[in-house]
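So this one's protein.cif, mmCIF, C-alpha atoms:
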data_my_file
loop_
_atom_site.group_PDB
_atom_site.id
_atom_site.type_symbol
_atom_site.label_atom_id
_atom_site.label_comp_id
_atom_site.auth_asym_id
_atom_site.auth_seq_id
_atom_site.Cartn_x
_atom_site.Cartn_y
_atom_site.Cartn_z
ATOM 1 C CA MET D 1 8.229 -18.184 -17.749
ATOM 2 C CA ASP D 2 11.969 -18.225 -18.290
ATOM 3 C CA GLY D 3 13.833 -15.634 -16.226
ATOM 4 C CA ASN D 4 15.777 -14.167 -19.123
ATOM 5 C CA MET D 5 12.584 -13.865 -21.108
ATOM 6 C CA LEU D 6 11.007 -11.980 -18.208
ATOM 7 C CA VAL D 7 13.923 -9.544 -17.982
ATOM 8 C CA THR D 8 13.871 -8.999 -21.735
ATOM 9 C CA MET D 9 10.166 -8.246 -21.736
ATOM 10 C CA PHE D 10 10.577 -5.995 -18.716
ATOM 11 C CA LEU D 11 13.354 -4.028 -20.374
ATOM 12 C CA VAL D 12 11.489 -3.802 -23.690
ATOM 13 C CA ALA D 13 8.442 -2.422 -21.896
ATOM 14 C CA PHE D 14 10.630 0.009 -20.002
ATOM 15 C CA VAL D 15 12.474 1.219 -23.096
ATOM 16 C CA LEU D 16 9.302 1.495 -25.182
ATOM 17 C CA VAL D 17 7.426 3.566 -22.615
ATOM 18 C CA GLY D 18 10.440 5.622 -21.562
ATOM 19 C CA GLY D 19 11.552 6.050 -25.157
ATOM 20 C CA ALA D 20 8.140 7.290 -26.245
ATOM 21 C CA LEU D 21 8.164 9.879 -23.458
ATOM 22 C CA VAL D 22 11.710 11.077 -24.143
ATOM 23 C CA PHE D 23 11.223 11.077 -27.907
ATOM 24 C CA SER D 24 7.996 13.088 -27.744
ATOM 25 C CA HIS D 25 9.708 15.506 -25.386
ATOM 26 C CA PHE D 26 12.347 16.243 -28.022
ATOM 27 C CA ILE D 27 10.254 16.370 -31.188
ATOM 28 C CA ALA D 28 7.089 18.000 -29.848
ATOM 29 C CA PRO D 29 6.574 21.668 -30.734
ATOM 30 C CA LYS D 30 6.861 23.830 -27.681
ATOM 31 C CA SER D 31 4.892 26.913 -26.853
ATOM 32 C CA VAL D 32 5.375 28.349 -23.415
ATOM 33 C CA ASN D 33 3.367 31.292 -22.249
ATOM 34 C CA TYR D 34 1.944 32.578 -19.026
ATOM 35 C CA GLN D 35 -1.661 31.635 -19.756
ATOM 36 C CA LYS D 36 -0.829 28.039 -20.526
ATOM 37 C CA PHE D 37 -0.646 26.973 -16.890
ATOM 38 C CA GLU D 38 -3.735 28.847 -15.778
ATOM 39 C CA PRO D 39 -6.851 26.797 -15.040
ATOM 40 C CA TYR D 40 -8.870 29.090 -17.315
ATOM 41 C CA GLU D 41 -7.411 30.839 -20.304
ATOM 42 C CA CYS D 42 -9.957 33.642 -20.217
ATOM 43 C CA GLY D 43 -11.636 35.185 -17.211
ATOM 44 C CA ILE D 44 -10.660 36.312 -13.787
ATOM 45 C CA PRO D 45 -7.169 35.232 -12.705
ATOM 46 C CA THR D 46 -7.326 32.672 -9.932
ATOM 47 C CA LYS D 47 -6.244 33.578 -6.441
ATOM 48 C CA GLY D 48 -4.692 31.344 -3.829
ATOM 49 C CA VAL D 49 -4.215 27.595 -4.061
ATOM 50 C CA SER D 50 -6.689 25.250 -5.630
ATOM 51 C CA TRP D 51 -6.254 22.659 -2.865
ATOM 52 C CA LEU D 52 -9.259 22.238 -0.678
ATOM 53 C CA GLN D 53 -10.048 20.192 2.364
ATOM 54 C CA PHE D 54 -11.887 16.990 1.569
ATOM 55 C CA ASN D 55 -15.155 15.853 3.050
ATOM 56 C CA VAL D 56 -14.570 13.322 5.835
ATOM 57 C CA GLY D 57 -16.964 11.006 4.016
ATOM 58 C CA TYR D 58 -14.219 10.071 1.568
ATOM 59 C CA TYR D 59 -12.100 8.808 4.435
ATOM 60 C CA LEU D 60 -14.982 6.741 5.721
ATOM 61 C CA PHE D 61 -15.473 5.139 2.331
ATOM 62 C CA ALA D 62 -11.741 4.464 2.041
ATOM 63 C CA ILE D 63 -11.631 2.673 5.374
ATOM 64 C CA LEU D 64 -14.756 0.649 4.581
ATOM 65 C CA PHE D 65 -13.143 -0.298 1.273
ATOM 66 C CA LEU D 66 -9.973 -1.349 3.067
ATOM 67 C CA VAL D 67 -11.869 -3.530 5.546
ATOM 68 C CA PHE D 68 -13.587 -5.453 2.777
ATOM 69 C CA ASP D 69 -10.323 -5.571 0.839
ATOM 70 C CA VAL D 70 -8.764 -7.407 3.771
ATOM 71 C CA GLU D 71 -11.790 -9.669 3.923
ATOM 72 C CA THR D 72 -11.338 -10.612 0.253
ATOM 73 C CA VAL D 73 -7.697 -11.444 0.880
ATOM 74 C CA PHE D 74 -8.657 -13.848 3.656
ATOM 75 C CA ILE D 75 -11.540 -15.443 1.825
ATOM 76 C CA TYR D 76 -9.396 -16.327 -1.179
ATOM 77 C CA PRO D 77 -7.243 -18.998 0.581
ATOM 78 C CA TRP D 78 -10.438 -20.546 1.940
ATOM 79 C CA ALA D 79 -11.982 -20.649 -1.531
ATOM 80 C CA VAL D 80 -8.969 -22.593 -2.818
ATOM 81 C CA VAL D 81 -9.366 -25.356 -0.225
ATOM 82 C CA MET D 82 -13.136 -25.096 0.162
ATOM 83 C CA LYS D 83 -13.878 -28.710 -0.728
ATOM 84 C CA GLU D 84 -11.050 -30.084 1.390
ATOM 85 C CA VAL D 85 -11.924 -28.345 4.666
ATOM 86 C CA GLY D 86 -15.627 -29.037 4.277
ATOM 87 C CA LEU D 87 -18.204 -28.019 6.848
ATOM 88 C CA VAL D 88 -15.725 -27.014 9.589
ATOM 89 C CA GLY D 89 -13.974 -24.565 7.285
ATOM 90 C CA TYR D 90 -17.345 -23.287 6.133
ATOM 91 C CA ILE D 91 -18.431 -22.560 9.718
ATOM 92 C CA GLU D 92 -15.094 -20.858 10.434
ATOM 93 C CA ILE D 93 -15.418 -18.571 7.446
ATOM 94 C CA LEU D 94 -19.063 -17.957 8.325
ATOM 95 C CA ILE D 95 -18.065 -16.669 11.784
ATOM 96 C CA PHE D 96 -15.486 -14.412 10.144
ATOM 97 C CA PHE D 97 -18.047 -13.190 7.671
ATOM 98 C CA VAL D 98 -20.828 -12.587 10.218
ATOM 99 C CA ILE D 99 -18.553 -10.464 12.430
ATOM 100 C CA LEU D 100 -17.678 -8.275 9.433
ATOM 101 C CA VAL D 101 -21.308 -8.049 8.338
ATOM 102 C CA LEU D 102 -22.067 -6.703 11.828
ATOM 103 C CA GLY D 103 -19.722 -3.833 10.982
ATOM 104 C CA LEU D 104 -21.491 -3.242 7.703
ATOM 105 C CA LEU D 105 -24.872 -3.267 9.463
ATOM 106 C CA TYR D 106 -23.505 -0.770 11.979
ATOM 107 C CA ALA D 107 -22.327 1.476 9.159
ATOM 108 C CA TRP D 108 -25.718 1.146 7.513
ATOM 109 C CA LYS D 109 -27.594 1.867 10.738
ATOM 110 C CA LYS D 110 -25.445 4.929 11.443
ATOM 111 C CA LYS D 111 -26.133 6.142 7.886
ATOM 112 C CA ALA D 112 -22.423 6.134 7.086
ATOM 113 C CA LEU D 113 -23.224 4.784 3.645
ATOM 114 C CA THR D 114 -25.391 7.701 2.617
ATOM 115 C CA TRP D 115 -23.604 10.657 1.164
ATOM 116 C CA ALA D 116 -24.073 13.586 3.505
ATOM 117 C CA MET P 1 30.439 -10.049 -14.223
ATOM 118 C CA MET P 2 27.260 -11.258 -15.802
ATOM 119 C CA LEU P 3 24.080 -10.934 -13.826
ATOM 120 C CA THR P 4 21.512 -13.661 -13.899
ATOM 121 C CA ALA P 5 17.935 -12.717 -14.645
ATOM 122 C CA SER P 6 16.766 -12.936 -11.032
ATOM 123 C CA GLN P 7 19.796 -10.989 -9.807
ATOM 124 C CA PHE P 8 19.073 -8.266 -12.332
ATOM 125 C CA MET P 9 15.447 -8.046 -11.206
ATOM 126 C CA PHE P 10 16.491 -8.023 -7.560
ATOM 127 C CA TYR P 11 18.913 -5.143 -8.046
ATOM 128 C CA PHE P 12 16.360 -3.269 -10.115
ATOM 129 C CA PHE P 13 13.691 -3.484 -7.413
ATOM 130 C CA ALA P 14 16.182 -2.896 -4.601
ATOM 131 C CA LEU P 15 17.432 0.258 -6.307
ATOM 132 C CA ALA P 16 13.843 1.413 -6.874
ATOM 133 C CA ILE P 17 13.010 0.831 -3.199
ATOM 134 C CA VAL P 18 16.072 2.773 -2.011
ATOM 135 C CA ILE P 19 15.555 5.697 -4.383
ATOM 136 C CA PHE P 20 11.833 6.080 -3.743
ATOM 137 C CA SER P 21 12.255 5.647 0.031
ATOM 138 C CA ILE P 22 14.753 8.517 0.069
ATOM 139 C CA LEU P 23 12.424 10.611 -2.097
ATOM 140 C CA THR P 24 9.524 9.825 0.255
ATOM 141 C CA VAL P 25 11.274 11.269 3.278
ATOM 142 C CA THR P 26 12.987 14.163 1.518
ATOM 143 C CA SER P 27 10.054 15.411 -0.558
ATOM 144 C CA GLN P 28 8.823 18.810 0.547
ATOM 145 C CA ARG P 29 5.305 18.223 -0.742
ATOM 146 C CA ILE P 30 3.362 15.750 1.330
ATOM 147 C CA LEU P 31 1.192 14.430 -1.500
ATOM 148 C CA ARG P 32 4.278 13.682 -3.562
ATOM 149 C CA ALA P 33 5.748 11.835 -0.598
ATOM 150 C CA ALA P 34 2.628 9.646 -0.538
ATOM 151 C CA THR P 35 3.031 8.930 -4.262
ATOM 152 C CA TYR P 36 6.689 7.961 -3.799
ATOM 153 C CA LEU P 37 5.569 5.649 -0.985
ATOM 154 C CA LEU P 38 3.274 3.957 -3.496
ATOM 155 C CA PHE P 39 6.273 3.176 -5.700
ATOM 156 C CA VAL P 40 8.191 1.795 -2.702
ATOM 157 C CA LEU P 41 5.289 -0.552 -1.897
ATOM 158 C CA ILE P 42 4.945 -1.721 -5.502
ATOM 159 C CA SER P 43 8.687 -2.416 -5.744
ATOM 160 C CA THR P 44 8.445 -4.443 -2.528
ATOM 161 C CA ALA P 45 5.685 -6.470 -4.193
ATOM 162 C CA GLY P 46 8.146 -7.044 -7.058
ATOM 163 C CA ILE P 47 10.673 -8.493 -4.590
ATOM 164 C CA TYR P 48 7.959 -10.802 -3.213
ATOM 165 C CA PHE P 49 7.191 -12.022 -6.729
ATOM 166 C CA LEU P 50 10.890 -12.663 -7.195
ATOM 167 C CA LEU P 51 10.892 -14.845 -4.058
ATOM 168 C CA ASN P 52 7.901 -16.788 -5.437
ATOM 169 C CA TYR P 53 5.595 -15.447 -2.726
ATOM 170 C CA GLN P 54 2.720 -14.836 -5.107
ATOM 171 C CA PHE P 55 0.055 -14.568 -2.429
ATOM 172 C CA LEU P 56 2.074 -12.134 -0.332
ATOM 173 C CA ALA P 57 2.813 -10.043 -3.428
ATOM 174 C CA ALA P 58 -0.871 -9.937 -4.341
ATOM 175 C CA VAL P 59 -1.714 -8.910 -0.775
ATOM 176 C CA GLN P 60 0.973 -6.238 -0.914
ATOM 177 C CA ILE P 61 -0.533 -4.776 -4.071
ATOM 178 C CA THR P 62 -4.212 -5.021 -3.112
ATOM 179 C CA LEU P 63 -3.862 -3.898 0.500
ATOM 180 C CA TYR P 64 -0.832 -1.640 0.667
ATOM 181 C CA ALA P 65 -0.617 -0.168 -2.820
ATOM 182 C CA GLY P 66 -4.383 -0.252 -3.332
ATOM 183 C CA GLY P 67 -5.858 0.360 0.093
ATOM 184 C CA ILE P 68 -3.393 1.933 2.514
ATOM 185 C CA VAL P 69 -2.035 4.488 0.047
ATOM 186 C CA VAL P 70 -5.583 5.598 -0.816
ATOM 187 C CA LEU P 71 -6.264 5.921 2.902
ATOM 188 C CA ILE P 72 -3.053 7.930 3.403
ATOM 189 C CA ILE P 73 -3.907 10.220 0.499
ATOM 190 C CA PHE P 74 -7.429 10.789 1.817
ATOM 191 C CA SER P 75 -6.091 11.557 5.277
ATOM 192 C CA ILE P 76 -3.647 14.040 3.741
ATOM 193 C CA LEU P 77 -6.480 15.670 1.827
ATOM 194 C CA LEU P 78 -8.450 15.913 5.079
ATOM 195 C CA THR P 79 -5.790 18.141 6.600
ATOM 196 C CA SER P 80 -5.718 21.810 5.810
ATOM 197 C CA HIS P 81 -2.031 21.977 4.840
ATOM 198 C CA VAL P 82 -2.286 20.000 1.619
ATOM 199 C CA GLY P 83 -0.722 22.329 -0.897
ATOM 200 C CA VAL P 84 1.879 23.699 1.478
ATOM 201 C CA LYS P 85 5.494 23.241 0.495
ATOM 202 C CA PHE P 86 7.298 22.365 3.682
ATOM 203 C CA ASP P 87 10.542 24.095 4.606
ATOM 204 C CA MET P 88 13.742 22.147 4.701
ATOM 205 C CA VAL P 89 14.582 21.185 8.275
ATOM 206 C CA GLY P 90 17.407 22.884 10.150
ATOM 207 C CA TRP P 91 20.867 21.440 10.689
ATOM 208 C CA LYS P 92 20.087 20.397 14.275
ATOM 209 C CA LYS P 93 17.291 18.102 13.149
ATOM 210 C CA ARG P 94 19.424 16.850 10.288
ATOM 211 C CA LEU P 95 22.240 16.012 12.667
ATOM 212 C CA ALA P 96 19.884 14.217 15.065
ATOM 213 C CA THR P 97 18.311 12.272 12.173
ATOM 214 C CA GLY P 98 21.740 11.390 10.802
ATOM 215 C CA ILE P 99 22.850 10.008 14.182
ATOM 216 C CA ALA P 100 19.615 8.025 14.586
ATOM 217 C CA VAL P 101 19.919 6.585 11.067
ATOM 218 C CA ALA P 102 23.599 5.731 11.595
ATOM 219 C CA ILE P 103 22.853 3.894 14.852
ATOM 220 C CA GLY P 104 20.020 1.970 13.203
ATOM 221 C CA ALA P 105 22.155 1.102 10.183
ATOM 222 C CA ILE P 106 25.082 -0.077 12.341
ATOM 223 C CA LEU P 107 22.737 -2.206 14.448
ATOM 224 C CA VAL P 108 21.152 -3.869 11.421
ATOM 225 C CA ILE P 109 24.406 -4.375 9.511
ATOM 226 C CA THR P 110 26.295 -5.879 12.467
ATOM 227 C CA THR P 111 23.369 -8.208 13.204
ATOM 228 C CA ILE P 112 23.285 -9.394 9.606
ATOM 229 C CA LEU P 113 27.049 -9.838 9.415
ATOM 230 C CA GLN P 114 27.215 -11.806 12.660
ATOM 231 C CA TYR P 115 24.504 -14.232 11.617
ATOM 232 C CA GLN P 116 25.780 -17.386 10.007
ATOM 233 C CA PHE P 117 23.622 -17.944 6.956
ATOM 234 C CA GLU P 118 23.557 -21.667 6.353
ATOM 235 C CA ALA P 119 21.987 -23.122 3.291
ATOM 236 C CA SER P 120 19.055 -25.281 4.256
ATOM 237 C CA THR P 121 19.228 -28.929 3.323
ATOM 238 C CA GLU P 122 15.530 -28.921 2.536
ATOM 239 C CA ALA P 123 14.480 -28.286 -1.014
ATOM 240 C CA ALA P 124 12.964 -24.872 -1.653
ATOM 241 C CA ARG P 125 9.260 -25.155 -1.109
ATOM 242 C CA ALA P 126 6.962 -22.951 -3.087
ATOM 243 C CA VAL P 127 4.254 -21.505 -0.884
ATOM 244 C CA GLU P 128 1.131 -22.980 -2.337
ATOM 245 C CA MET P 129 -2.272 -21.401 -1.973
ATOM 246 C CA ARG P 130 -3.636 -24.739 -0.806
ATOM 247 C CA TRP P 131 -1.168 -24.839 2.046
ATOM 248 C CA ILE P 132 -1.980 -21.259 3.094
ATOM 249 C CA GLY P 133 -5.686 -22.021 3.078
ATOM 250 C CA LEU P 134 -5.301 -25.229 5.089
ATOM 251 C CA SER P 135 -3.122 -23.720 7.812
ATOM 252 C CA LEU P 136 -5.319 -20.629 8.005
ATOM 253 C CA LEU P 137 -8.392 -22.723 8.769
ATOM 254 C CA SER P 138 -6.740 -25.489 10.778
ATOM 255 C CA TYR P 139 -7.542 -25.598 14.484
ATOM 256 C CA GLU P 140 -4.814 -28.140 15.209
ATOM 257 C CA LYS P 141 -1.354 -27.449 16.546
ATOM 258 C CA GLU P 142 0.102 -25.265 13.824
ATOM 259 C CA GLY P 143 -3.162 -23.809 12.628
ATOM 260 C CA PHE P 144 -4.066 -20.156 12.597
ATOM 261 C CA VAL P 145 -7.809 -20.244 13.020
ATOM 262 C CA LEU P 146 -7.855 -18.184 16.228
ATOM 263 C CA PRO P 147 -5.780 -15.277 14.805
ATOM 264 C CA PHE P 148 -7.937 -15.539 11.694
ATOM 265 C CA GLU P 149 -11.150 -15.022 13.677
ATOM 266 C CA VAL P 150 -9.556 -12.337 15.854
ATOM 267 C CA ILE P 151 -8.677 -10.397 12.683
ATOM 268 C CA SER P 152 -12.373 -10.059 11.906
ATOM 269 C CA ILE P 153 -12.936 -8.488 15.336
ATOM 270 C CA LEU P 154 -10.009 -6.129 14.733
ATOM 271 C CA LEU P 155 -11.513 -5.117 11.388
ATOM 272 C CA LEU P 156 -14.895 -4.619 13.032
ATOM 273 C CA ALA P 157 -13.309 -2.401 15.692
ATOM 274 C CA SER P 158 -11.482 -0.295 13.100
ATOM 275 C CA MET P 159 -14.654 0.089 11.054
ATOM 276 C CA ILE P 160 -16.745 1.171 14.050
ATOM 277 C CA GLY P 161 -13.974 3.494 15.212
ATOM 278 C CA ALA P 162 -13.755 5.206 11.833
ATOM 279 C CA ILE P 163 -17.551 5.631 11.684
ATOM 280 C CA ILE P 164 -17.705 7.100 15.191
ATOM 281 C CA ILE P 165 -14.893 9.573 14.488
ATOM 282 C CA ALA P 166 -16.345 10.654 11.156
ATOM 283 C CA ARG P 167 -19.878 11.036 12.525
ATOM 284 C CA LYS P 168 -18.701 13.012 15.549
ATOM 285 C CA GLU P 169 -16.927 15.472 13.296
ATOM 286 C CA GLU P 170 -20.105 16.027 11.342
ATOM 287 C CA LYS P 171 -22.077 16.660 14.510
ATOM 288 C CA ASN P 172 -19.518 19.305 15.487
ATOM 289 C CA GLU P 173 -19.924 20.935 12.109
ATOM 290 C CA SER P 174 -23.695 21.149 12.485
ATOM 291 C CA ASN P 175 -23.302 22.599 15.999
ATOM 292 C CA ASN P 176 -21.061 25.300 14.601
#
Go through the file and emit its structure as structure tokens.
Amino acid sequence: MDGNMLVTMFLVAFVLVGGALVFSHFIAPKSVNYQKFEPYECGIPTKGVSWLQFNVGYYLFAILFLVFDVETVFIYPWAVVMKEVGLVGYIEILIFFVILVLGLLYAWKKKALTWA
Amino acid sequence: MMLTASQFMFYFFALAIVIFSILTVTSQRILRAATYLLFVLISTAGIYFLLNYQFLAAVQITLYAGGIVVLIIFSILLTSHVGVKFDMVGWKKRLATGIAVAIGAILVITTILQYQFEASTEAARAVEMRWIGLSLLSYEKEGFVLPFEVISILLLASMIGAIIIARKEEKNESNN
């Protein structure tokens, strides 16, 4: 794509999205009252903060996701040259894959994949 | 002065990186800081696209913007101080930070200014996916097959480490 075309499209997208936000900010009817920012309009007023500590399981899932994300990134260049590198490349990627599957098996064995 | 298209994009992303980096370190709410970091990482991916490093830009978005930031946010949510608005630091810390930043900036700027940037005689070579794949799997002189296989062991270690830490915490909870 031509560079100027790219910049034009970029700016148009920017102005359209930004413009819609700014425009709606100015023309929208406003009603500000105390109840508006409460989680519940009726009922007992909330106390304290609504933040709560997450279950550690989320972290575990995030790190497992990241590991296989990295794996995908490395498998993609191999997939592009798969036919060229032939059997040797296949064995190399297989070693890579097997080592990571060991991790998955470990996670499975330790019941890290079940939601506690 | 008229900017060319690539110059315009470069300054746009550079400005975004600078602004969001400053917001990341000055934000008093830690979750907002993590969100600003996300914008820094995405703008860096924009710079990579500008340099024609498509693969690196895709990696930047999938791993850093997609993976690492999620991990950072989850680790923030694991702590018990999530909603706390942190106090501004005192002048002593500000002074110390200012001196450290100034020394770092002087070091980097003088290094850059002293280096003679010479235009290469070689034609600009686009980094092709084919070339990345071949050198990643090559076991010859300039191949990267050993680091490539070692990465899988590193990933395995990080995965096992995370599982052990998470499981241990649960055991503690049940003991309590």
> Which residues of chain P are close to chain D, meaning at most 6 Å apart when you count only C-alpha atoms, and how do they look as a PyMOL selection string?
Replying inline: chain P and resi 5+67+71+74+77-78+80+83+130+133+149+152+156
Need the neighbours of (-2.4, 24.8, -11.4): which residues are at most 12 Å away, counting all atoms listed in the file, as a PDB file with C-alpha atoms, in the coordinates of the input?
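Result file follows (out_32.pdb):
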ATOM      1  CA  TYR D  34       1.944  32.578 -19.026  1.00  0.00           C
ATOM      2  CA  GLN D  35      -1.661  31.635 -19.756  1.00  0.00           C
ATOM      3  CA  LYS D  36      -0.829  28.039 -20.526  1.00  0.00           C
ATOM      4  CA  PHE D  37      -0.646  26.973 -16.890  1.00  0.00           C
ATOM      5  CA  GLU D  38      -3.735  28.847 -15.778  1.00  0.00           C
ATOM      6  CA  PRO D  39      -6.851  26.797 -15.040  1.00  0.00           C
ATOM      7  CA  TYR D  40      -8.870  29.090 -17.315  1.00  0.00           C
ATOM      8  CA  GLU D  41      -7.411  30.839 -20.304  1.00  0.00           C
ATOM      9  CA  PRO D  45      -7.169  35.232 -12.705  1.00  0.00           C
ATOM     10  CA  THR D  46      -7.326  32.672  -9.932  1.00  0.00           C
ATOM     11  CA  LYS D  47      -6.244  33.578  -6.441  1.00  0.00           C
ATOM     12  CA  GLY D  48      -4.692  31.344  -3.829  1.00  0.00           C
ATOM     13  CA  VAL D  49      -4.215  27.595  -4.061  1.00  0.00           C
ATOM     14  CA  SER D  50      -6.689  25.250  -5.630  1.00  0.00           C
ATOM     15  CA  TRP D  51      -6.254  22.659  -2.865  1.00  0.00           C
TER      16      TRP D  51
ATOM     17  CA  GLY P  83      -0.722  22.329  -0.897  1.00  0.00           C
TER      18      GLY P  83
END
Write out as a tab-separated table (two decimals) with C-alpha atoms, in the coordinates of the input each polymer residue whose atoms come within 9 Å of P:Phe13, counting all atoms listed in the file; drop sequence neighbours fewer than 3 positions from it.
chain	number	residue	atom	x	y	z
P	8	PHE	CA	19.07	-8.27	-12.33
P	9	MET	CA	15.45	-8.05	-11.21
P	10	PHE	CA	16.49	-8.02	-7.56
P	16	ALA	CA	13.84	1.41	-6.87
P	17	ILE	CA	13.01	0.83	-3.20
P	18	VAL	CA	16.07	2.77	-2.01
P	40	VAL	CA	8.19	1.80	-2.70
P	43	SER	CA	8.69	-2.42	-5.74
P	44	THR	CA	8.44	-4.44	-2.53
P	46	GLY	CA	8.15	-7.04	-7.06
P	47	ILE	CA	10.67	-8.49	-4.59
>> Residues within 9 Å of P:Phe86, please, as a PyMOL selection string. Count all atoms listed in the file; anything in the same chain fewer than 4 positions from it doesn't count.
In response: chain P and resi 27-30
> Any idea what's packed within 9 Å of P:Phe20, counting only C-alpha atoms, ignoring anything in its chain fewer than 3 positions away? Could you give it as a PyMOL selection string?
Replying inline: chain P and resi 15-17+23-25+33+36-40
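Proximity of P:Leu31, P:Ala166, P:Val89, P:Val59 to P:Ile72, computed with only C-alpha atoms, is greatest for P:Leu31.
Here atom CA of P:Tyr53 stands at a distance of 23.4 Å from atom CA of P:Ile19.
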When you get a chance, write out N, CA and C atoms for stretch 55-67 of chain D, as a CSV table (one decimal), keeping the file's coordinate frame.
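Result file is result24.csv:
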chain,number,residue,atom,x,y,z
D,55,ASN,N,-14.1,16.3,2.2
D,55,ASN,CA,-15.2,15.9,3.0
D,55,ASN,C,-14.7,14.6,3.8
D,56,VAL,N,-15.0,14.5,5.1
D,56,VAL,CA,-14.6,13.3,5.8
D,56,VAL,C,-15.2,12.0,5.3
D,57,GLY,N,-16.3,12.2,4.6
D,57,GLY,CA,-17.0,11.0,4.0
D,57,GLY,C,-16.1,10.2,3.1
D,58,TYR,N,-15.1,10.8,2.4
D,58,TYR,CA,-14.2,10.1,1.6
D,58,TYR,C,-13.4,9.1,2.4
D,59,TYR,N,-12.9,9.6,3.6
D,59,TYR,CA,-12.1,8.8,4.4
D,59,TYR,C,-12.9,7.6,4.9
D,60,LEU,N,-14.1,7.8,5.2
D,60,LEU,CA,-15.0,6.7,5.7
D,60,LEU,C,-15.1,5.7,4.6
D,61,PHE,N,-15.3,6.1,3.4
D,61,PHE,CA,-15.5,5.1,2.3
D,61,PHE,C,-14.2,4.4,2.1
D,62,ALA,N,-13.0,5.1,2.2
D,62,ALA,CA,-11.7,4.5,2.0
D,62,ALA,C,-11.5,3.4,3.1
D,63,ILE,N,-11.9,3.7,4.3
D,63,ILE,CA,-11.6,2.7,5.4
D,63,ILE,C,-12.6,1.5,5.2
D,64,LEU,N,-13.8,1.8,4.8
D,64,LEU,CA,-14.8,0.6,4.6
D,64,LEU,C,-14.2,-0.2,3.4
D,65,PHE,N,-13.7,0.4,2.4
D,65,PHE,CA,-13.1,-0.3,1.3
D,65,PHE,C,-12.0,-1.2,1.7
D,66,LEU,N,-11.1,-0.6,2.6
D,66,LEU,CA,-10.0,-1.3,3.1
D,66,LEU,C,-10.4,-2.6,3.9
D,67,VAL,N,-11.4,-2.4,4.7
D,67,VAL,CA,-11.9,-3.5,5.5
D,67,VAL,C,-12.3,-4.7,4.7
